[in-house]
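The next block holds one structure in the form of structure tokens; read it before the comments.
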Amino acid sequence: MKKTASAWNYEIKENEGSGNIVRLSGRLSIDTAAECLKQLTSELKKTALPIYFDLTDISMLDDYGALVLFELKHALKIPDAEFRIINPPEAYKKTLSLVNFDFDERCSVNGGRMRSNIIVEFGAAAIEALAGIRFMIAFIGAIALSAIEVIKRPRSLRGQDTVTYMKTTGVDALPVVALISFLLGLIIAFMSSLQLQQFGANIYVASLVAMAMVSELGPIMTAIVVAGRTGSAYAAEIATMKISEEIDALFSMGFNPTLFLVIPRLLASFITIPLLTAFANIFGIAGGLLIGITLLDLTAGAYITQTIDALTVFELIWGLMKSCVFAILIAGVGCLKGFQAKGGASAVGHAATAAVVNSIFLIILFDSMFAIIRSYIG
């Protein structure tokens, strides 16, 4: 039996009562592989085993041609003992060696583009979400192990990097945080004075500004500013390293990327964001003081005394504790999104955007949880 094609031929004949010989000739390459696989699969289903593929007359064999033989073996479910390649030309033995014919797993054929519908999209989104959760759990575990490593061996912490990140996270952000907090305190004082003046309760503007800044607005506004400024920077830096395969290089050289990249950023944020929050509180109260002196005819001493009387140690500690949690969220999400980046240069921008959006969402979510806890403890 013989089939003639434009670039390749085959002939099947009995092998003296023991199976069949498939004599291939011509080009068995990328341009003939699809047709060859289709024709031989159909024809050899009716052929007795064992099958010998004779390559004596092959004029061209590339890796696609070798994969055709591999696919035939598995598509026809030919056992290893009954699958033989005979007389391969010397020039193509190396190409054949690239394919492991003893490997059990069959190559899958691309069946074309998957049809898109709402079920497929929902399934793809669910799979992606589960993969993200799995990655996040592994990331948190890696941070915990790296933190234990730093506690056991403090010298493993990259101290100079930590100081550098403290400067970029804290010192460089201070002017922005101070200005926003000052204006925020000024607005709160002005708006509250419009109501309290009617009752002759001007002095309570100081109490209102102090409580609002220390308990809520100071921590949350500082966290949002740092998330937009520093969290995005962390994500972009690590995403760039991920795309340029610098993180893979760290793995190859035996470094722990989490210890190397994440721990210094986490520690720097954990130290500087509460300090920034304290400064935000001070500047917010200063904004209220300006309104109290200029519009409410209060003296600076009376305003400051009322502020101190309104605040308690619990309020100060509560606000700083919230800022510590926000710091971990901002740095953790920024680094996580950086490590999850994949693709081209656009992945850097996507990582930065995702870091900011997710950080702000988590900040508001955890602030709500703090409010609920506060309602129970009084």
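In the structure tokens, chains take letters A, B, ... by order of appearance, with residues numbered from 1 within each chain and ligands from 1 in the order shown.
Excluding A:Ala227 and any residue on its chain fewer than 4 positions from it, the residues at most 8 Å away by only C-alpha atoms are Ala223, Gly231, Ser232, Ile330, Ala355, Val356, Ser359 and Ile360 of chain A.
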Keeping all heavy atoms for every residue in the selection just given, could you write it to a file as a CSV table (one decimal), in the first residue's frame?
```
chain,number,residue,atom,x,y,z
A,223,ALA,N,-1.8,56.3,55.7
A,223,ALA,CA,-1.7,55.0,55.0
A,223,ALA,C,-2.1,55.1,53.6
A,223,ALA,O,-1.4,54.5,52.7
A,223,ALA,CB,-2.6,54.0,55.7
A,231,GLY,N,3.8,52.0,48.3
A,231,GLY,CA,3.3,50.6,47.9
A,231,GLY,C,3.5,50.4,46.4
A,231,GLY,O,3.9,49.3,46.0
A,232,SER,N,3.1,51.4,45.6
A,232,SER,CA,3.3,51.3,44.2
A,232,SER,C,4.7,51.2,43.8
A,232,SER,O,5.1,50.4,42.8
A,232,SER,CB,2.6,52.4,43.5
A,232,SER,OG,3.2,53.6,43.9
A,330,ILE,N,0.4,47.5,53.5
A,330,ILE,CA,0.9,48.3,52.3
A,330,ILE,C,2.2,47.6,51.8
A,330,ILE,O,2.3,47.4,50.6
A,330,ILE,CB,1.2,49.7,52.7
A,330,ILE,CG1,-0.1,50.5,53.1
A,330,ILE,CG2,2.0,50.5,51.6
A,330,ILE,CD1,0.1,51.8,53.8
A,355,ALA,N,-1.3,47.1,43.3
A,355,ALA,CA,-0.8,47.3,44.7
A,355,ALA,C,-1.6,48.4,45.3
A,355,ALA,O,-2.0,48.3,46.5
A,355,ALA,CB,0.7,47.6,44.6
A,356,VAL,N,-1.7,49.6,44.6
A,356,VAL,CA,-2.4,50.7,45.2
A,356,VAL,C,-3.9,50.4,45.5
A,356,VAL,O,-4.4,50.6,46.6
A,356,VAL,CB,-2.3,51.9,44.3
A,356,VAL,CG1,-3.1,53.1,44.8
A,356,VAL,CG2,-0.9,52.3,44.1
A,359,SER,N,-4.2,47.8,48.3
A,359,SER,CA,-3.8,48.3,49.6
A,359,SER,C,-4.9,49.2,50.2
A,359,SER,O,-5.3,49.1,51.3
A,359,SER,CB,-2.5,49.1,49.4
A,359,SER,OG,-1.5,48.3,49.1
A,360,ILE,N,-5.5,50.1,49.3
A,360,ILE,CA,-6.5,51.0,49.8
A,360,ILE,C,-7.7,50.3,50.3
A,360,ILE,O,-8.4,50.6,51.3
A,360,ILE,CB,-6.8,52.1,48.8
A,360,ILE,CG1,-5.6,53.0,48.6
A,360,ILE,CG2,-8.1,52.9,49.1
A,360,ILE,CD1,-5.8,54.0,47.5
```
With 9 Å as the cut-off and only C-alpha atoms counted, what is the closest atom pair between each nearby residue of stretch 197-287 of chain A and stretch 160-182 of chain A? Distances in Å to one decimal, ordered by chain and number, as JSON lines.
```
{"residue": "A:Met213", "atom": "CA", "partner": "A:Ser181", "partner_atom": "CA", "distance": 8.3}
{"residue": "A:Leu217", "atom": "CA", "partner": "A:Ser181", "partner_atom": "CA", "distance": 8.4}
{"residue": "A:Gly218", "atom": "CA", "partner": "A:Ser181", "partner_atom": "CA", "distance": 7.1}
{"residue": "A:Met221", "atom": "CA", "partner": "A:Ser181", "partner_atom": "CA", "distance": 7.7}
{"residue": "A:Thr222", "atom": "CA", "partner": "A:Val177", "partner_atom": "CA", "distance": 6.2}
{"residue": "A:Val225", "atom": "CA", "partner": "A:Val177", "partner_atom": "CA", "distance": 7.0}
{"residue": "A:Val226", "atom": "CA", "partner": "A:Thr169", "partner_atom": "CA", "distance": 7.2}
{"residue": "A:Arg229", "atom": "CA", "partner": "A:Ala173", "partner_atom": "CA", "distance": 7.9}
{"residue": "A:Thr230", "atom": "CA", "partner": "A:Thr169", "partner_atom": "CA", "distance": 6.0}
{"residue": "A:Leu261", "atom": "CA", "partner": "A:Asp161", "partner_atom": "CA", "distance": 8.9}
{"residue": "A:Ile263", "atom": "CA", "partner": "A:Thr162", "partner_atom": "CA", "distance": 8.4}
{"residue": "A:Pro264", "atom": "CA", "partner": "A:Thr162", "partner_atom": "CA", "distance": 4.6}
{"residue": "A:Arg265", "atom": "CA", "partner": "A:Tyr165", "partner_atom": "CA", "distance": 6.2}
{"residue": "A:Leu266", "atom": "CA", "partner": "A:Thr162", "partner_atom": "CA", "distance": 8.7}
{"residue": "A:Leu267", "atom": "CA", "partner": "A:Thr162", "partner_atom": "CA", "distance": 6.9}
{"residue": "A:Ala268", "atom": "CA", "partner": "A:Met166", "partner_atom": "CA", "distance": 4.7}
{"residue": "A:Ser269", "atom": "CA", "partner": "A:Thr169", "partner_atom": "CA", "distance": 6.6}
{"residue": "A:Ile271", "atom": "CA", "partner": "A:Met166", "partner_atom": "CA", "distance": 7.6}
{"residue": "A:Thr272", "atom": "CA", "partner": "A:Gly170", "partner_atom": "CA", "distance": 5.2}
{"residue": "A:Ile273", "atom": "CA", "partner": "A:Gly170", "partner_atom": "CA", "distance": 6.7}
{"residue": "A:Leu275", "atom": "CA", "partner": "A:Gly170", "partner_atom": "CA", "distance": 7.9}
{"residue": "A:Leu276", "atom": "CA", "partner": "A:Gly170", "partner_atom": "CA", "distance": 6.5}
{"residue": "A:Thr277", "atom": "CA", "partner": "A:Val177", "partner_atom": "CA", "distance": 8.5}
{"residue": "A:Phe279", "atom": "CA", "partner": "A:Ala178", "partner_atom": "CA", "distance": 6.9}
{"residue": "A:Ala280", "atom": "CA", "partner": "A:Ser181", "partner_atom": "CA", "distance": 5.3}
{"residue": "A:Asn281", "atom": "CA", "partner": "A:Ser181", "partner_atom": "CA", "distance": 7.2}
{"residue": "A:Ile282", "atom": "CA", "partner": "A:Phe182", "partner_atom": "CA", "distance": 8.3}
{"residue": "A:Phe283", "atom": "CA", "partner": "A:Phe182", "partner_atom": "CA", "distance": 4.8}
{"residue": "A:Gly284", "atom": "CA", "partner": "A:Phe182", "partner_atom": "CA", "distance": 4.4}
{"residue": "A:Ile285", "atom": "CA", "partner": "A:Phe182", "partner_atom": "CA", "distance": 7.3}
{"residue": "A:Ala286", "atom": "CA", "partner": "A:Phe182", "partner_atom": "CA", "distance": 6.4}
{"residue": "A:Gly287", "atom": "CA", "partner": "A:Phe182", "partner_atom": "CA", "distance": 4.6}
```
Exercise for the section: Can you work out which one of A:Phe260, A:Phe339, A:Phe366, A:Phe270 has the shortest atom-to-atom distance to A:Gly132, counting only C-alpha atoms? Expected result: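 Once distances to A:Gly132 are computed over only C-alpha atoms, the minimum belongs to A:Phe339.
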Problem - Residue among A:Gly141, A:Gly228, A:Gly65, A:Gly185 lying closest to A:Ile291, counting only C-alpha atoms - result: A:Gly185
Problem - Neighbour list for A:Ala7 as a PyMOL selection string, cut-off 8 Å, only C-alpha atoms, skip fewer than 2 positions in-chain - result: chain A and resi 5+9+26-27+32
Handout entry: Pairwise distance for atom CA of A:Ile377 and atom CA of A:Glu216, rounded to one decimal in Å
Key =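 About the pair atom CA of A:Ile377 and atom CA of A:Glu216: they are 16.4 Å apart.
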Practice task
Write down as a count of residues only the residues belonging to stretch 162-268 of chain A that are assigned alpha helix (DSSP H) by DSSP computed on the backbone.
Solution key: 72
Practice task
Would you please extract all strand (DSSP E or B) residues from stretch 16-254 of chain A, as assigned by DSSP on the backbone, and give them as a VMD selection string?
Solution key: chain A and resid 20 to 28 51 to 61 83 to 86
Restricting it to N, CA, C and O atoms, dump the selection as a short mmCIF file (atom, residue, chain, number, x, y, z; two decimals), in the first residue's frame.
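Ended up saving to out_4.cif:
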```cif
data_model
loop_
_atom_site.label_atom_id
_atom_site.label_comp_id
_atom_site.auth_asym_id
_atom_site.auth_seq_id
_atom_site.Cartn_x
_atom_site.Cartn_y
_atom_site.Cartn_z
N ASN A 20 4.20 -5.05 10.48
CA ASN A 20 4.30 -4.31 9.23
C ASN A 20 5.45 -3.33 9.28
O ASN A 20 5.86 -2.86 10.37
N ILE A 21 5.94 -3.02 8.09
CA ILE A 21 6.98 -2.01 7.95
C ILE A 21 6.38 -0.81 7.24
O ILE A 21 5.75 -0.95 6.18
N VAL A 22 6.54 0.39 7.84
CA VAL A 22 6.09 1.63 7.22
C VAL A 22 7.33 2.34 6.69
O VAL A 22 8.14 2.84 7.46
N ARG A 23 7.47 2.34 5.37
CA ARG A 23 8.66 2.95 4.78
C ARG A 23 8.32 4.41 4.44
O ARG A 23 7.47 4.66 3.59
N LEU A 24 8.95 5.30 5.13
CA LEU A 24 8.72 6.73 4.91
C LEU A 24 9.79 7.29 4.00
O LEU A 24 10.97 6.88 4.07
N SER A 25 9.41 8.24 3.16
CA SER A 25 10.38 8.88 2.28
C SER A 25 10.00 10.35 2.08
O SER A 25 8.85 10.75 2.33
N GLY A 26 10.95 11.12 1.60
CA GLY A 26 10.71 12.54 1.37
C GLY A 26 10.91 13.37 2.62
O GLY A 26 11.73 13.03 3.49
N ARG A 27 10.17 14.44 2.71
CA ARG A 27 10.35 15.40 3.81
C ARG A 27 9.37 15.11 4.94
O ARG A 27 8.16 15.08 4.73
N LEU A 28 9.92 14.91 6.13
CA LEU A 28 9.08 14.76 7.33
C LEU A 28 9.45 15.95 8.23
O LEU A 28 10.31 15.85 9.11
N ILE A 51 4.95 -2.49 14.58
CA ILE A 51 5.15 -1.60 13.43
C ILE A 51 6.59 -1.10 13.44
O ILE A 51 7.10 -0.66 14.46
N TYR A 52 7.23 -1.21 12.26
CA TYR A 52 8.59 -0.74 12.08
C TYR A 52 8.55 0.47 11.16
O TYR A 52 8.03 0.38 10.04
N PHE A 53 9.08 1.59 11.61
CA PHE A 53 9.14 2.80 10.78
C PHE A 53 10.53 2.86 10.16
O PHE A 53 11.52 3.08 10.85
N ASP A 54 10.57 2.63 8.86
CA ASP A 54 11.84 2.61 8.13
C ASP A 54 12.11 4.01 7.58
O ASP A 54 11.35 4.53 6.76
N LEU A 55 13.20 4.62 8.03
CA LEU A 55 13.52 6.00 7.64
C LEU A 55 14.66 6.07 6.62
O LEU A 55 15.26 7.12 6.43
N THR A 56 14.90 4.96 5.94
CA THR A 56 16.04 4.92 5.02
C THR A 56 15.97 6.03 3.97
O THR A 56 16.97 6.67 3.65
N ASP A 57 14.76 6.28 3.44
CA ASP A 57 14.63 7.21 2.31
C ASP A 57 14.21 8.61 2.74
O ASP A 57 13.79 9.42 1.89
N ILE A 58 14.28 8.90 4.01
CA ILE A 58 13.93 10.24 4.49
C ILE A 58 14.97 11.25 3.99
O ILE A 58 16.18 11.05 4.17
N SER A 59 14.49 12.31 3.37
CA SER A 59 15.43 13.35 2.89
C SER A 59 15.49 14.54 3.84
O SER A 59 16.42 15.35 3.75
N MET A 60 14.50 14.64 4.69
CA MET A 60 14.49 15.76 5.65
C MET A 60 13.72 15.33 6.89
O MET A 60 12.60 14.81 6.79
N LEU A 61 14.31 15.52 8.06
CA LEU A 61 13.63 15.19 9.32
C LEU A 61 14.00 16.25 10.35
O LEU A 61 15.16 16.37 10.74
N PHE A 83 7.05 -0.96 18.87
CA PHE A 83 7.30 0.29 18.14
C PHE A 83 8.80 0.36 17.88
O PHE A 83 9.61 0.38 18.80
N ARG A 84 9.17 0.40 16.62
CA ARG A 84 10.59 0.40 16.27
C ARG A 84 10.87 1.40 15.16
O ARG A 84 10.09 1.53 14.23
N ILE A 85 11.97 2.10 15.27
CA ILE A 85 12.46 2.96 14.19
C ILE A 85 13.72 2.31 13.66
O ILE A 85 14.68 2.06 14.41
N ILE A 86 13.71 2.02 12.38
CA ILE A 86 14.85 1.29 11.81
C ILE A 86 15.50 2.12 10.71
O ILE A 86 14.86 2.95 10.07
#
```
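Using only C-alpha atoms, the smallest distance between any of A:Leu76, A:Ala371, A:Met253, A:Val68 and A:Leu44 comes from A:Leu76.
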Problem - Shell of 12 Å around A:Asp309, only C-alpha atoms, local chain residues under 4 positions omitted, as a PyMOL selection string - result: chain A and resi 203-204+206-208+210-211+302-305+313+315
What does the file look like for those residues with N, CA, C and O atoms, as an mmCIF file, in the first residue's frame?
```
data_model
loop_
_atom_site.group_PDB
_atom_site.id
_atom_site.type_symbol
_atom_site.label_atom_id
_atom_site.label_comp_id
_atom_site.auth_asym_id
_atom_site.auth_seq_id
_atom_site.Cartn_x
_atom_site.Cartn_y
_atom_site.Cartn_z
ATOM 1 N N ILE A 203 -14.587 76.134 72.059
ATOM 2 C CA ILE A 203 -13.442 75.413 72.619
ATOM 3 C C ILE A 203 -13.456 73.927 72.259
ATOM 4 O O ILE A 203 -12.417 73.282 72.203
ATOM 5 N N TYR A 204 -14.665 73.404 71.992
ATOM 6 C CA TYR A 204 -14.760 71.972 71.683
ATOM 7 C C TYR A 204 -14.319 71.640 70.245
ATOM 8 O O TYR A 204 -14.242 70.471 69.877
ATOM 9 N N ALA A 206 -11.333 72.131 69.341
ATOM 10 C CA ALA A 206 -10.030 71.494 69.615
ATOM 11 C C ALA A 206 -10.206 70.019 69.938
ATOM 12 O O ALA A 206 -9.439 69.164 69.450
ATOM 13 N N SER A 207 -11.213 69.690 70.751
ATOM 14 C CA SER A 207 -11.450 68.281 71.106
ATOM 15 C C SER A 207 -11.819 67.475 69.867
ATOM 16 O O SER A 207 -11.335 66.359 69.663
ATOM 17 N N LEU A 208 -12.678 68.048 69.031
ATOM 18 C CA LEU A 208 -13.137 67.337 67.840
ATOM 19 C C LEU A 208 -11.991 67.068 66.870
ATOM 20 O O LEU A 208 -11.832 65.950 66.347
ATOM 21 N N ALA A 210 -8.758 66.945 67.547
ATOM 22 C CA ALA A 210 -7.785 66.011 68.134
ATOM 23 C C ALA A 210 -8.278 64.582 68.066
ATOM 24 O O ALA A 210 -7.537 63.670 67.656
ATOM 25 N N MET A 211 -9.530 64.354 68.444
ATOM 26 C CA MET A 211 -10.073 62.992 68.421
ATOM 27 C C MET A 211 -10.131 62.443 66.993
ATOM 28 O O MET A 211 -9.794 61.283 66.739
ATOM 29 N N ALA A 302 -5.172 77.877 75.435
ATOM 30 C CA ALA A 302 -6.462 77.237 75.707
ATOM 31 C C ALA A 302 -6.718 76.109 74.723
ATOM 32 O O ALA A 302 -7.232 75.038 75.103
ATOM 33 N N TYR A 303 -6.374 76.339 73.465
ATOM 34 C CA TYR A 303 -6.600 75.301 72.444
ATOM 35 C C TYR A 303 -5.768 74.050 72.749
ATOM 36 O O TYR A 303 -6.265 72.921 72.718
ATOM 37 N N ILE A 304 -4.487 74.245 73.083
ATOM 38 C CA ILE A 304 -3.609 73.102 73.347
ATOM 39 C C ILE A 304 -4.041 72.385 74.625
ATOM 40 O O ILE A 304 -4.040 71.145 74.689
ATOM 41 N N THR A 305 -4.433 73.142 75.638
ATOM 42 C CA THR A 305 -4.891 72.507 76.886
ATOM 43 C C THR A 305 -6.132 71.655 76.637
ATOM 44 O O THR A 305 -6.237 70.521 77.131
ATOM 45 N N VAL A 313 -4.306 58.220 76.610
ATOM 46 C CA VAL A 313 -3.222 57.326 76.168
ATOM 47 C C VAL A 313 -3.789 56.216 75.289
ATOM 48 O O VAL A 313 -3.171 55.802 74.294
ATOM 49 N N GLU A 315 -6.292 56.411 73.201
ATOM 50 C CA GLU A 315 -6.525 56.926 71.847
ATOM 51 C C GLU A 315 -5.224 56.979 71.051
ATOM 52 O O GLU A 315 -5.189 56.619 69.870
#
```
